[in-house]
file start02.txt (compact mmCIF, C-alpha atoms)
# COMPACT_ATOMS: atom_id res chain seq x y z
CA MET A 1202 30.81 96.55 92.11
CA SER A 1203 31.91 92.93 92.34
CA THR A 1204 33.13 91.44 95.61
CA LEU A 1205 35.17 88.35 96.46
CA PRO A 1206 33.24 85.25 97.46
CA ALA A 1207 32.96 84.78 101.20
CA ASP A 1208 35.02 81.57 101.16
CA ARG A 1209 37.88 83.36 99.39
CA VAL A 1210 37.69 86.28 101.80
CA SER A 1211 37.97 83.98 104.79
CA ALA A 1212 40.89 82.12 103.19
CA THR A 1213 42.88 85.30 102.68
CA ALA A 1214 45.38 85.82 105.53
CA PRO A 1215 47.86 88.61 106.14
CA GLU A 1216 51.37 87.87 104.84
CA LEU A 1217 53.82 86.79 107.49
CA PRO A 1218 56.91 89.01 107.88
CA CYS A 1219 60.03 87.75 106.19
CA PRO A 1220 62.53 86.34 108.73
CA THR A 1221 65.52 88.63 109.18
CA VAL A 1222 68.99 88.56 110.71
CA THR A 1223 71.01 91.45 112.13
CA CYS A 1224 73.84 92.75 109.96
CA VAL A 1225 76.45 94.87 111.78
CA PHE A 1226 78.45 97.47 109.86
CA ALA A 1227 80.60 99.11 112.51
CA VAL A 1228 81.15 99.79 116.20
CA THR A 1229 81.52 103.29 117.65
CA ASP A 1230 81.39 105.09 120.98
CA THR A 1231 80.09 108.31 119.42
CA PRO A 1232 76.95 107.32 117.50
CA PRO A 1233 75.54 109.66 114.86
CA PRO A 1234 71.90 110.78 115.19
CA HIS A 1235 69.32 108.10 114.48
CA GLU A 1236 67.73 110.35 111.85
CA ALA A 1237 70.99 110.53 109.87
CA VAL A 1238 71.53 106.79 110.11
CA SER A 1239 68.02 105.84 109.04
CA VAL A 1240 68.25 107.68 105.71
CA THR A 1241 71.50 105.95 104.68
CA PRO A 1242 70.83 103.26 102.05
CA GLY A 1243 71.94 99.84 103.25
CA TYR A 1244 71.77 96.44 101.58
CA ASP A 1245 69.03 95.95 99.00
CA GLY A 1246 65.94 94.32 100.46
CA GLY A 1247 66.80 95.20 104.06
CA GLY A 1248 65.26 97.62 106.50
CA PRO A 1249 66.57 101.07 107.39
CA LEU A 1250 69.90 101.37 109.14
CA ARG A 1251 69.65 101.97 112.87
CA VAL A 1252 71.76 102.43 116.00
CA LEU A 1253 71.86 99.57 118.49
CA ALA A 1254 73.25 100.23 121.97
CA ALA A 1255 75.71 97.75 123.49
CA GLY A 1256 76.63 99.28 126.86
CA PRO A 1257 78.97 102.24 126.23
CA LEU A 1258 79.37 101.15 122.61
CA HIS A 1259 76.94 101.46 119.73
CA LEU A 1260 76.47 99.36 116.61
CA ILE A 1261 75.27 100.50 113.22
CA VAL A 1262 73.01 97.67 112.08
CA GLN A 1263 70.41 96.69 109.50
CA ASP A 1264 67.75 93.99 109.47
CA VAL A 1265 68.36 91.96 106.30
CA PRO A 1266 66.36 89.03 104.88
CA ALA A 1267 67.67 85.75 106.24
CA ALA A 1268 67.05 83.91 102.97
CA ALA A 1269 69.16 86.34 100.93
CA PHE A 1270 71.96 86.37 103.51
CA GLY A 1271 72.19 82.66 104.22
CA GLU A 1272 75.63 81.11 103.78
CA GLU A 1273 75.03 79.60 100.34
CA ALA A 1274 72.92 82.47 98.99
CA LEU A 1275 75.44 85.07 100.14
CA ALA A 1276 78.41 83.15 98.75
CA GLU A 1277 76.66 82.85 95.39
CA ARG A 1278 75.92 86.59 95.31
CA LEU A 1279 79.44 87.63 96.25
CA ASN A 1280 80.89 85.46 93.49
CA ARG A 1281 79.27 87.80 90.97
CA PRO A 1282 81.49 90.88 90.47
CA GLU A 1283 78.60 93.32 90.06
CA GLU A 1284 76.87 92.01 93.18
CA LEU A 1285 80.12 92.07 95.16
CA GLU A 1286 80.62 95.72 94.23
CA ARG A 1287 77.03 96.56 95.17
CA CYS A 1288 77.43 94.90 98.58
CA ALA A 1289 80.82 96.55 99.17
CA ARG A 1290 79.33 99.97 98.44
CA ALA A 1291 76.43 99.33 100.81
CA HIS A 1292 78.83 98.24 103.54
CA HIS A 1293 81.01 101.30 103.08
CA ARG A 1294 77.98 103.62 103.26
CA GLY A 1295 77.10 102.16 106.64
CA VAL A 1296 80.66 102.48 107.93
CA GLU A 1297 80.96 106.01 106.55
CA THR A 1298 77.77 107.06 108.30
CA ALA A 1299 79.03 105.55 111.56
CA ALA A 1300 82.28 107.52 111.18
CA SER A 1301 80.51 110.85 110.69
CA ALA A 1302 80.44 111.47 114.45
CA GLY A 1303 83.71 109.93 115.63
CA PRO A 1304 86.07 106.96 115.37
CA VAL A 1305 84.73 103.60 114.22
CA VAL A 1306 85.83 100.00 114.04
CA PRO A 1307 84.48 98.70 110.72
CA LEU A 1308 83.45 95.06 110.85
CA PRO A 1309 83.96 92.72 107.88
CA MET A 1310 81.36 92.99 105.16
CA ALA A 1311 78.17 91.03 105.91
CA THR A 1312 78.89 90.40 109.61
CA LEU A 1313 75.66 88.64 110.61
CA TYR A 1314 73.98 87.65 113.86
CA LEU A 1315 70.71 85.81 114.43
CA ASP A 1316 69.23 88.82 116.22
CA ASP A 1317 70.06 92.01 118.10
CA ASP A 1318 70.71 90.20 121.39
CA ASN A 1319 73.38 88.00 119.81
CA ALA A 1320 75.02 91.02 118.18
CA VAL A 1321 75.10 92.92 121.48
CA ARG A 1322 76.54 89.93 123.37
CA ALA A 1323 79.29 89.46 120.79
CA VAL A 1324 80.35 93.11 120.97
CA THR A 1325 80.05 93.32 124.74
CA ALA A 1326 82.42 90.37 125.08
CA ARG A 1327 85.05 92.37 123.18
CA ALA A 1328 84.18 95.75 124.70
CA ALA A 1329 87.57 96.36 126.36
CA SER A 1330 89.63 95.77 123.20
CA LEU A 1331 87.16 97.67 121.04
CA ARG A 1332 87.21 100.71 123.31
CA SER A 1333 91.00 100.65 123.34
CA LEU A 1334 91.06 100.49 119.56
CA LEU A 1335 88.58 103.36 119.24
CA ASP A 1336 90.81 105.48 121.47
CA ARG A 1337 93.79 104.61 119.25
CA LEU A 1338 91.94 105.68 116.10
CA ARG A 1339 90.44 108.87 117.53
CA HIS A 1340 91.45 112.01 115.61
CA ARG A 1341 93.47 109.93 113.15
CA THR A 1342 92.85 109.02 109.54
CA GLU A 1343 94.34 106.70 106.96
CA TRP A 1344 96.30 107.87 103.94
CA ALA A 1345 97.23 105.62 101.03
CA VAL A 1346 100.46 106.11 99.11
CA LYS A 1347 101.47 104.19 96.01
CA VAL A 1348 104.75 104.19 94.13
CA HIS A 1349 104.94 103.06 90.52
CA GLY A 1350 108.22 102.27 88.86
CA PRO A 1351 109.37 103.08 85.35
CA GLY A 1352 108.53 100.82 82.46
CA LEU A 1353 111.55 98.81 81.41
CA GLY A 1354 112.36 99.65 77.82
CA HIS A 1355 114.83 97.92 75.58
CA ALA A 1356 118.36 98.68 76.64
CA PRO A 1357 121.01 99.65 74.12
CA GLY A 1358 122.41 96.66 72.37
CA ALA A 1359 119.13 94.73 72.46
CA ALA A 1360 118.74 91.50 70.56
CA GLY A 1361 118.58 92.12 66.84
CA ASP A 1362 121.12 94.99 66.86
CA GLY A 1363 124.69 94.60 65.66
CA PRO A 1364 126.37 91.37 64.54
CA ALA A 1365 124.15 88.34 64.30
CA ASP A 1366 126.59 85.71 65.62
CA GLY A 1367 125.45 83.71 68.63
CA ARG A 1368 128.09 84.95 71.07
CA SER A 1369 127.27 88.62 70.41
CA TYR A 1370 123.57 87.95 70.69
CA LEU A 1371 123.95 86.26 74.08
CA ARG A 1372 126.14 89.10 75.34
CA ARG A 1373 123.54 91.70 74.35
CA VAL A 1374 120.75 89.70 76.02
CA SER A 1375 122.81 89.44 79.21
CA GLU A 1376 123.57 93.17 79.18
CA ARG A 1377 119.91 94.02 78.67
CA ARG A 1378 118.82 91.81 81.57
CA ARG A 1379 121.47 93.27 83.84
CA THR A 1380 120.40 96.82 82.94
CA GLU A 1381 116.74 96.02 83.59
CA ARG A 1382 117.59 94.42 86.92
CA GLU A 1383 119.63 97.44 87.98
CA GLU A 1384 116.82 99.80 86.95
CA ARG A 1385 114.31 97.83 89.00
CA GLU A 1386 116.63 97.71 92.02
CA ARG A 1387 117.06 101.48 91.88
CA ALA A 1388 113.30 101.97 91.61
CA LEU A 1389 112.64 99.63 94.56
CA ALA A 1390 115.26 101.46 96.62
CA ARG A 1391 113.46 104.72 95.84
CA ALA A 1392 110.11 103.23 96.91
CA HIS A 1393 111.63 102.01 100.19
CA ALA A 1394 113.06 105.49 100.80
CA VAL A 1395 109.59 107.01 100.29
CA ASP A 1396 108.14 104.58 102.83
CA ARG A 1397 110.87 105.28 105.40
CA GLU A 1398 110.38 109.02 105.14
CA LEU A 1399 106.58 108.91 105.45
CA ARG A 1400 106.72 106.71 108.53
CA ARG A 1401 108.27 109.67 110.31
CA TYR A 1402 104.90 111.43 110.14
CA ALA A 1403 102.69 108.44 111.02
CA VAL A 1404 101.78 106.65 114.23
CA ALA A 1405 101.46 103.36 112.36
CA ALA A 1406 102.09 102.09 108.85
CA THR A 1407 101.46 98.94 106.87
CA ARG A 1408 102.32 97.65 103.43
CA HIS A 1409 99.72 95.91 101.33
CA ARG A 1410 100.52 93.54 98.50
CA PRO A 1411 101.33 95.54 95.36
CA GLN A 1412 98.48 95.47 92.86
CA SER A 1413 98.91 93.91 89.46
CA GLU A 1414 98.99 95.97 86.29
CA GLN A 1415 95.59 94.47 85.42
CA LEU A 1416 94.10 95.99 88.59
CA THR A 1417 95.87 99.35 88.37
CA GLY A 1418 95.24 99.71 84.64
CA ARG A 1419 98.80 100.95 84.25
CA SER A 1420 101.65 99.59 82.17
CA VAL A 1421 104.28 100.10 84.87
CA PRO A 1422 104.78 97.97 88.01
CA GLN A 1423 103.53 99.04 91.41
CA LEU A 1424 106.49 99.05 93.78
CA LEU A 1425 104.79 100.25 96.97
CA ASN A 1426 101.20 100.01 98.18
CA ALA A 1427 101.25 101.42 101.70
CA ALA A 1428 98.85 102.88 104.25
CA TYR A 1429 99.71 105.33 107.02
CA LEU A 1430 97.75 106.19 110.15
CA VAL A 1431 98.28 109.91 110.67
CA ASP A 1432 97.24 112.23 113.48
CA ASP A 1433 94.86 114.82 112.06
CA ALA A 1434 97.06 117.48 113.67
CA ARG A 1435 99.95 116.37 111.41
CA ARG A 1436 97.89 116.12 108.23
CA ALA A 1437 99.45 119.19 106.61
CA GLU A 1438 102.97 117.93 107.38
CA PHE A 1439 102.22 114.54 105.87
CA ILE A 1440 100.70 115.97 102.71
CA ARG A 1441 103.64 118.34 102.28
CA ALA A 1442 106.11 115.47 102.72
CA VAL A 1443 104.33 113.40 100.07
CA GLY A 1444 104.41 116.35 97.67
CA GLU A 1445 108.14 116.81 98.15
CA LEU A 1446 108.80 113.10 97.67
CA ALA A 1447 106.67 113.06 94.54
CA GLY A 1448 108.69 115.94 93.09
CA ASP A 1449 111.99 114.24 93.88
CA ALA A 1450 110.77 110.91 92.49
CA GLN A 1451 109.94 112.38 89.09
CA ARG A 1452 113.63 112.94 88.49
CA SER A 1453 114.22 109.20 88.83
CA ALA A 1454 111.21 108.24 86.69
CA VAL A 1455 109.30 106.93 89.74
CA GLU A 1456 105.77 108.21 90.41
CA VAL A 1457 104.40 108.78 93.92
CA THR A 1458 100.63 109.20 94.37
CA MET A 1459 98.50 109.74 97.46
CA SER A 1460 94.82 109.41 98.33
CA GLY A 1461 92.86 110.15 101.48
CA PRO A 1462 91.87 110.85 104.10
CA TRP A 1463 90.13 107.50 104.54
CA ILE A 1464 88.41 105.69 107.36
CA PRO A 1465 91.29 103.67 108.86
CA TYR A 1466 90.21 100.25 107.60
CA SER A 1467 93.85 99.10 107.48
CA PHE A 1468 94.33 99.75 111.19
CA ALA A 1469 90.92 98.86 112.62
CA ARG A 1470 91.84 95.42 113.93
CA SER A 1471 91.24 94.57 117.56
CA ASP A 1472 92.84 91.14 117.73
CA GLU A 1473 96.54 90.77 118.49
CA THR A 1474 97.36 88.69 115.42
CA GLU A 1475 96.10 91.34 113.02
CA ARG A 1476 97.58 94.20 115.02
CA ASP A 1477 101.03 92.59 114.98
CA ALA A 1478 100.98 92.80 111.17
CA HIS A 1479 101.20 96.59 111.40
CA GLU A 1480 104.33 98.37 112.51
CA GLU A 1481 103.97 101.09 115.09
CA VAL A 1482 106.19 104.04 114.27
CA GLY A 1483 107.21 107.15 116.14
CA ALA A 1484 105.03 110.19 115.72

call {"tool": "encode", "arguments": {"input": "start02.txt", "output": "structure tokens"}}
result
Amino acid sequence: MSTLPADRVSATAPELPCPTVTCVFAVTDTPPPHEAVSVTPGYDGGGPLRVLAAGPLHLIVQDVPAAAFGEEALAERLNRPEELERCARAHHRGVETAASAGPVVPLPMATLYLDDDNAVRAVTARAASLRSLLDRLRHRTEWAVKVHGPGLGHAPGAAGDGPADGRSYLRRVSERRRTEREERERALARAHAVDRELRRYAVAATRHRPQSEQLTGRSVPQLLNAAYLVDDARRAEFIRAVGELAGDAQRSAVEVTMSGPWIPYSFARSDETERDAHEEVGA
């Protein structure tokens, strides 16, 4: 059996560990068991997820390679759609695991600290607002509701029908535009009515920017893209209300769809500026 020369043996040194930084997924006051956290897949190349205590609060964290999560390297990765999706899924897995035992405040994707001590100090400095927010989210979930309007077809008397003189053509174009505008106004009014009704069942609500047809994959415009924070005790009422609104909307060629329950990402903001963007409504 051959062996390495002595000089090569002495020159061989153990590999140094790769420098890491602490990535925080979420904050909670009811941490899930360490065993459940550790088996959740995190970011590629990082260590197992773990629970890090910060006084009465707990963080779900992962040690990730500093080189791969440096500012330039991370920006380059997140500019690639497939890598952005992979990172978003990893982040959501960590938040979802944190939420398995109680309310959570999800932190933005790839929230990084030099080490555990820095992460704990940052959270401890915001402990009062974070605990208040956790209490606000306890036993509540987010529901998303979208309203899509009818496609605008060609109105009677469209260009190309009837006499071909210029005055008649312009009149038909004007009539078509007026009809399309009225149809859209009616559809928007219906979407606003849906939103007003659903706020009756929520403790908070917010409207997101409507998604484009390229994002929705649909040929009709999105008129409402809203999220509602609902007490779990009123879940059945909320779902029933959405079902009734969806049935009524079909008669006006407007479609109402719902998804959930979700972790309340839309309402997990602890700073005043973000919180002011959401309207508190009566339960």

call {"tool": "atom_distance", "arguments": {"input": "start02.txt", "atom1": "CA of Leu1424 (chain A)", "atom2": "CA of Gly1350 (chain A)"}}
result
6.1 Å

call {"tool": "closest_atom_pairs", "arguments": {"input": "start02.txt", "of": "region 1311-1405 of chain A", "to": "region 1255-1278 of chain A", "cutoff": "8 Å", "atoms": "all atoms listed in the file", "output": "tab-separated table"}}
result
residue	atom	partner	partner_atom	distance
A:Val1321	CA	A:Ala1255	CA	5.3
A:Arg1322	CA	A:Ala1255	CA	7.9
A:Val1324	CA	A:Ala1255	CA	7.0
A:Thr1325	CA	A:Ala1255	CA	6.3
A:Ala1328	CA	A:Leu1258	CA	7.5
A:Arg1332	CA	A:Leu1258	CA	7.9

call {"tool": "closest_residue", "arguments": {"input": "start02.txt", "among": "A:Phe1226, A:Cys1219, A:Arg1385, A:Glu1297", "to": "Leu1313 (chain A)", "atoms": "all atoms listed in the file"}}
result
A:Phe1226

call {"tool": "axis_aligned_box", "arguments": {"input": "start02.txt", "around": "region 1237-1250 of chain A", "padding_each_side": "5 Å", "output": "JSON"}}
result
{"center_x": 68.6, "center_y": 102.4, "center_z": 104.6, "size_x": 16.7, "size_y": 26.2, "size_z": 21.1}

call {"tool": "residues_near_point", "arguments": {"input": "start02.txt", "point": "(72.8, 101.0, 108.2)", "cutoff": "9 Å", "atoms": "all atoms listed in the file", "output": "list in words"}}
result
Cys1224, Val1225, Phe1226, Val1238, Ser1239, Val1240, Thr1241, Pro1242, Gly1243, Tyr1244, Gly1248, Pro1249, Leu1250, Arg1251, Val1252, Ile1261, Val1262, Gln1263, Asp1264, Ala1291, His1292, Arg1294, Gly1295, Val1296, Thr1298 and Ala1299 of chain A

call {"tool": "closest_residue", "arguments": {"input": "start02.txt", "among": "A:Ala1329, A:Val1222, A:Ala1405, A:Leu1446", "to": "Thr1312 (chain A)", "atoms": "all atoms listed in the file"}}
result
A:Val1222

call {"tool": "residues_around", "arguments": {"input": "start02.txt", "residues": "Arg1397 (chain A)", "least_positions_apart": "4", "cutoff": "12 Å", "atoms": "all atoms listed in the file", "output": "ChimeraX atom specification"}}
result
/A:1390-1393,1401-1403,1405-1408,1425,1427,1429,1442-1443,1446,1480,1482-1483

call {"tool": "atom_distance", "arguments": {"input": "start02.txt", "atom1": "CA of Val1346 (chain A)", "atom2": "CA of Gln1451 (chain A)"}}
result
15.2 Å

call {"tool": "atom_distance", "arguments": {"input": "start02.txt", "atom1": "CA of Tyr1314 (chain A)", "atom2": "CA of Glu1343 (chain A)"}}
result
28.7 Å

call {"tool": "closest_residue", "arguments": {"input": "start02.txt", "among": "A:Leu1371, A:Thr1417, A:Arg1378, A:Trp1344", "to": "Val1404 (chain A)", "atoms": "only C-alpha atoms"}}
result
A:Trp1344

call {"tool": "residues_near_point", "arguments": {"input": "start02.txt", "point": "(93.5, 108.2, 115.1)", "cutoff": "7 Å", "atoms": "only C-alpha atoms", "output": "list in words"}}
result
Arg1337, Leu1338, Arg1339, His1340, Arg1341, Thr1342, Leu1430, Val1431 and Asp1432 of chain A

call {"tool": "residues_around", "arguments": {"input": "start02.txt", "residues": "Val1348 (chain A)", "least_positions_apart": "6", "cutoff": "10 Å", "atoms": "all atoms listed in the file", "output": "list in words"}}
result
Ala1388, Leu1389, Arg1391, Ala1392, His1393, Val1395, Asp1396, Pro1411, Pro1422, Gln1423, Leu1424, Leu1425, Asn1426, Ala1427, Ala1447, Ala1450, Val1455, Glu1456, Val1457, Thr1458 and Met1459 of chain A

call {"tool": "closest_residue", "arguments": {"input": "start02.txt", "among": "A:Arg1377, A:Cys1288, A:Glu1438, A:Ala1227", "to": "Arg1400 (chain A)", "atoms": "only C-alpha atoms"}}
result
A:Glu1438

call {"tool": "closest_residue", "arguments": {"input": "start02.txt", "among": "A:Ser1301, A:Ser1369, A:Thr1221, A:Ser1333", "to": "Ala1469 (chain A)", "atoms": "all atoms listed in the file"}}
result
A:Ser1333

call {"tool": "closest_residue", "arguments": {"input": "start02.txt", "among": "A:Ala1345, A:Ala1394, A:Leu1335, A:Ile1440", "to": "Gly1303 (chain A)", "atoms": "all atoms listed in the file"}}
result
A:Leu1335
